[in-house]
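Engineer: The structure is given below, and queries will be raised subsequently.
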Amino acid sequence: MKRRLAVDLSSDCAGIKSPNPFWLASGPPTNSGEQVMRAFERGWGGAVWKTLGQDPPVVNVTSRYGAIDLGTSKIAGLNNIELITDRPLSVNLKEISQVKKRFPKRAVIASLMVPCERKAWHDIVRKVSDSGSDGLELNFGCPHGMSERGMGAAVGQVPEYVKMVTEFVKEKSSVPVLVKLTPNITDVRVPARAARAGGADGLSLINTINSLMGVDVETMIPKFAVGEKAAHGGYCGPAVKPIALNMLSSIANDPETLGVPLSGIGGISNWSDAVEFMLLGASSVQLCTAVMHHGFRIIDDLNAGLEGWMRRKNFSALTDFVGRAAARVVEWKRLDLHHKTAAVIDPAKCIGCEVCFVACNDGAHQCIDLRPGSRVPRVRARDCVGCNLCALVCPVDGCISMKTVETGLKPLTWEQYAAAGMKGYRLGRRKRRHAS
């Protein structure tokens with residue numbers, strides 16, 4: 001009988017250890033000790049407490065959330081204008097202590113946000129250090145409300161402030177410090193480098209993206225308004241995942257931040273999403289919107305899915321695969337110009353809807369023909385540029401696949417082509433022809 005592979009899901013992110021890599025991100029699900037304890041009872045590995053600030057607490061407004069649905073799928077994207085915790089600091093710190101006493105092996109990270117003053121940061125770090133939290137996360141990403149007060153994204157968008165405040169915190173902190181980065185910036189690597197220079201033990205990303213959820217065309221009032229007015233908020237949920245993956249990979253591949261521990265955030269809804277973030281370099285992942293939508297119970301599928309995948313891939317620990325795919329994300333100039341794919345339609349699966357023809361003919365490269373007497377469109381492989389659009393719009397899974405075409409040409413990147421003065425290489429282009 002084959003012995004079952006032992007799998008260890010435990011995570012170590014910048015020295016913050018947890019029994020699995022799944023953390024609750026700072027937000028509504030971590031607003032109270034009662035919630036965090038219920039999450040830990042269910043099986044979550046860690047929790048980043050809803051951001052703490054100075055007393056007196058902030059005042060929130062209603063409504064606070066807005067969403068975009070995709071067909072019958074609810075909350076493809078979620079917008080919020082909720083601020084940091086509106087509960088007294090002393091109450092939050094007491095509850096953090098209670099949670100740590102009851103769940104000593106679960107990670108509790110305190111998210112912090114105060115004005116850019118050394119004394120303010122020293123004071124809150126001192127108070128939080130007595131609570132027993134395992135780490136700190138500096139919220140340099142909140143794009144609304146607090147940023148107008150010189151905090152949140154207003155700090156994260158200025159590298160000098162990122163470095164300065166990180167240094168303030170490191171002067172007093174006895175636990176690992178993560179810096180949470182804003183995506184509302186031209187190049188996320190710049191504040192990441194600043195955080196590293198300031199002594200950050202790790203980076204968390206991404207925070208939410210500036211967004212406005214729309215306008216009611218009948219009333220001409222912004223959707224999800226407070227009264228009849230709206231403010232931009234932070235966008236999150238499944239729709240932001242590609243943006244988060246891109247930013248995470250850019251930091252994982254940056255020589256100036258190479259090797260820095262990363263906690264991945266942004267659109268993670270299931271175990272497969274989490275694995276994608278880990279393959280690009282994250283040693284822990286944080287979820288918020290998915291929990292707001294489906295509850296703490298999703299941890300069962302997250303743990304089971306990750307464990308099952310690791311067994312299939314013969315991985316016994318997270319360190320076996322964290323970052324494995326990072327080096328495969330490169331600049332465009334390093335892609336192979338001679339790699340070619342072409343679409344292939346499976347006649348047995350085709351339902352004759354002609355969606356692929358319309359998409360290719362009107363929106364792509366006119367490489368699909370309709371044939372008299374046949375319900376199955378024909379792909380002209382010679383003219384197909386391998387753009388993938390037909391496969392993406394096809395309503396039948398597996399009906400259209402992209403197959404690699406052997407060209408007989410050696411790999412060639414634009415970097416090589418340009419370096420050779422654009423001479424001496426065959427680009428392998430063919431003259432395209434169109435159906436009459």
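Just remember, in the structure tokens the first chain shown is A, the second B, etc., residues are 1-based per chain, and ligands are 1-based in the order shown.
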Neighbours of His293 in chain A within 8 Å (only C-alpha atoms; same-chain residues fewer than 3 positions away dropped), as a list in words?
Structural biologist: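 Neighbouring residues, sequence-local ones excluded: Ile75, Thr289 and Ala290 of chain A.
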Engineer: Write out as a ChimeraX atom specification the set of residues from range 188-406 of chain A that DSSP, computed on the backbone, places in helix (DSSP H, G or I).
Structural biologist: /A:189-197,238-252,271-279,289-294,296-312,318-320,326-328,332-334,355-363,389-393
Engineer: Please list as an NGL selection string every residue within 9 Å of range 317-333 of chain A, counting only C-alpha atoms and excluding residues in the same chain fewer than 2 positions away.
Structural biologist: :A and (6-11 or 21 or 246 or 249-250 or 252-253 or 275-283 or 310 or 315 or 335-336 or 413-416)
Engineer: Quick one, how far is CA of Trp49 in chain A from CA of Val108 in chain A?
Structural biologist: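 Taking CA of Trp49 in chain A and CA of Val108 in chain A, their separation equals 7.1 Å.
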Engineer: Check the smallest atom-to-atom distance from each of A:Gly214, A:Arg371, A:Leu5, A:Asp301 to Gly43 in chain A using only C-alpha atoms, then report the winner.
Structural biologist: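 Residue with the minimum atom-to-atom distance to Gly43 in chain A: A:Asp301.
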Engineer: Can you pull out the residues contacting Thr341 in chain A? Cut-off 10 Å, using only C-alpha atoms, and skip same-chain residues under 6 positions away; I want them as an mmCIF file with N, CA and C atoms, in the first residue's frame.
Structural biologist:
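Now in out-v3.cif:
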```cif
data_model
loop_
_atom_site.group_PDB
_atom_site.id
_atom_site.type_symbol
_atom_site.label_atom_id
_atom_site.label_comp_id
_atom_site.auth_asym_id
_atom_site.auth_seq_id
_atom_site.Cartn_x
_atom_site.Cartn_y
_atom_site.Cartn_z
ATOM 1 N N ALA A 381 -5.488 28.048 -40.159
ATOM 2 C CA ALA A 381 -4.337 27.972 -39.256
ATOM 3 C C ALA A 381 -3.176 28.847 -39.737
ATOM 4 N N CYS A 384 -4.037 32.324 -38.636
ATOM 5 C CA CYS A 384 -4.344 32.523 -37.210
ATOM 6 C C CYS A 384 -3.131 33.085 -36.475
ATOM 7 N N VAL A 385 -3.336 34.159 -35.733
ATOM 8 C CA VAL A 385 -2.238 34.793 -34.998
ATOM 9 C C VAL A 385 -2.151 34.299 -33.556
ATOM 10 N N GLY A 386 -3.037 33.384 -33.182
ATOM 11 C CA GLY A 386 -2.965 32.819 -31.840
ATOM 12 C C GLY A 386 -3.322 33.795 -30.739
ATOM 13 N N CYS A 387 -4.299 34.663 -31.001
ATOM 14 C CA CYS A 387 -4.626 35.702 -30.016
ATOM 15 C C CYS A 387 -5.465 35.180 -28.853
ATOM 16 N N ASN A 388 -6.101 34.003 -29.019
ATOM 17 C CA ASN A 388 -6.914 33.354 -27.971
ATOM 18 C C ASN A 388 -8.354 33.841 -27.889
ATOM 19 N N SER A 401 -9.392 25.015 -28.550
ATOM 20 C CA SER A 401 -8.120 24.962 -27.832
ATOM 21 C C SER A 401 -7.028 25.615 -28.666
ATOM 22 N N MET A 402 -6.002 26.072 -27.990
ATOM 23 C CA MET A 402 -4.877 26.702 -28.681
ATOM 24 C C MET A 402 -3.731 25.702 -28.715
ATOM 25 N N LYS A 403 -3.349 25.296 -29.913
ATOM 26 C CA LYS A 403 -2.313 24.300 -30.090
ATOM 27 C C LYS A 403 -1.015 24.948 -30.573
ATOM 28 N N THR A 404 0.097 24.456 -30.037
ATOM 29 C CA THR A 404 1.401 24.958 -30.457
ATOM 30 C C THR A 404 1.710 24.490 -31.877
ATOM 31 N N VAL A 405 2.185 25.414 -32.691
ATOM 32 C CA VAL A 405 2.545 25.114 -34.074
ATOM 33 C C VAL A 405 4.066 25.131 -34.198
ATOM 34 N N GLU A 406 4.630 24.047 -34.695
ATOM 35 C CA GLU A 406 6.075 23.989 -34.887
ATOM 36 C C GLU A 406 6.464 24.824 -36.106
ATOM 37 N N THR A 407 7.364 25.774 -35.877
ATOM 38 C CA THR A 407 7.782 26.665 -36.969
ATOM 39 C C THR A 407 9.154 26.304 -37.530
#
```
Engineer: Could you tell me which of A:Ser211, A:Val48, A:Leu337, A:Asp383 comes closest to Asn139 in chain A if we count only C-alpha atoms?
Structural biologist: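 Nearest candidate to Asn139 in chain A out of A:Ser211, A:Val48, A:Leu337, A:Asp383: A:Val48.
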Engineer: Give me, as a PyMOL selection string, the residues of range 11-123 of chain A that a backbone DSSP run labels strand (DSSP E or B).
Structural biologist: chain A and resi 11-13+16-18+22-24+46-52+65-70+73-80+107-112
Engineer: Atoms to include: C-alpha atoms. Write the selected residues as an mmCIF file, in the first residue's frame.
Structural biologist:
```cif
data_model
loop_
_atom_site.group_PDB
_atom_site.id
_atom_site.type_symbol
_atom_site.label_atom_id
_atom_site.label_comp_id
_atom_site.auth_asym_id
_atom_site.auth_seq_id
_atom_site.Cartn_x
_atom_site.Cartn_y
_atom_site.Cartn_z
ATOM 1 C CA SER A 11 3.657 29.264 7.172
ATOM 2 C CA ASP A 12 6.451 31.613 8.175
ATOM 3 C CA CYS A 13 5.993 35.077 6.697
ATOM 4 C CA ILE A 16 5.228 35.561 11.715
ATOM 5 C CA LYS A 17 4.296 31.901 12.057
ATOM 6 C CA SER A 18 0.861 30.382 11.535
ATOM 7 C CA PHE A 22 -4.553 31.702 5.222
ATOM 8 C CA TRP A 23 -4.984 34.975 7.112
ATOM 9 C CA LEU A 24 -7.993 37.223 7.407
ATOM 10 C CA GLY A 46 -3.988 34.182 11.198
ATOM 11 C CA ALA A 47 -5.789 37.499 11.276
ATOM 12 C CA VAL A 48 -4.747 41.068 10.592
ATOM 13 C CA TRP A 49 -6.827 43.157 12.983
ATOM 14 C CA LYS A 50 -8.978 45.917 11.509
ATOM 15 C CA THR A 51 -6.728 48.964 11.416
ATOM 16 C CA LEU A 52 -6.139 50.653 14.765
ATOM 17 C CA TYR A 65 -20.365 49.247 0.347
ATOM 18 C CA GLY A 66 -21.174 48.974 -3.323
ATOM 19 C CA ALA A 67 -20.673 46.081 -5.737
ATOM 20 C CA ILE A 68 -20.573 45.077 -9.377
ATOM 21 C CA ASP A 69 -22.156 41.761 -10.313
ATOM 22 C CA LEU A 70 -21.161 39.656 -13.322
ATOM 23 C CA SER A 73 -22.387 35.980 -9.964
ATOM 24 C CA LYS A 74 -22.676 38.402 -7.087
ATOM 25 C CA ILE A 75 -19.871 40.769 -6.028
ATOM 26 C CA ALA A 76 -17.351 40.374 -8.828
ATOM 27 C CA GLY A 77 -15.980 43.634 -7.462
ATOM 28 C CA LEU A 78 -16.638 45.343 -4.128
ATOM 29 C CA ASN A 79 -16.206 49.010 -3.307
ATOM 30 C CA ASN A 80 -16.068 50.361 0.237
ATOM 31 C CA ALA A 107 -1.032 34.635 14.156
ATOM 32 C CA VAL A 108 -2.508 37.977 15.189
ATOM 33 C CA ILE A 109 -1.131 40.994 13.356
ATOM 34 C CA ALA A 110 -2.112 44.512 14.387
ATOM 35 C CA SER A 111 -2.768 46.874 11.485
ATOM 36 C CA LEU A 112 -1.825 50.452 12.402
#
```
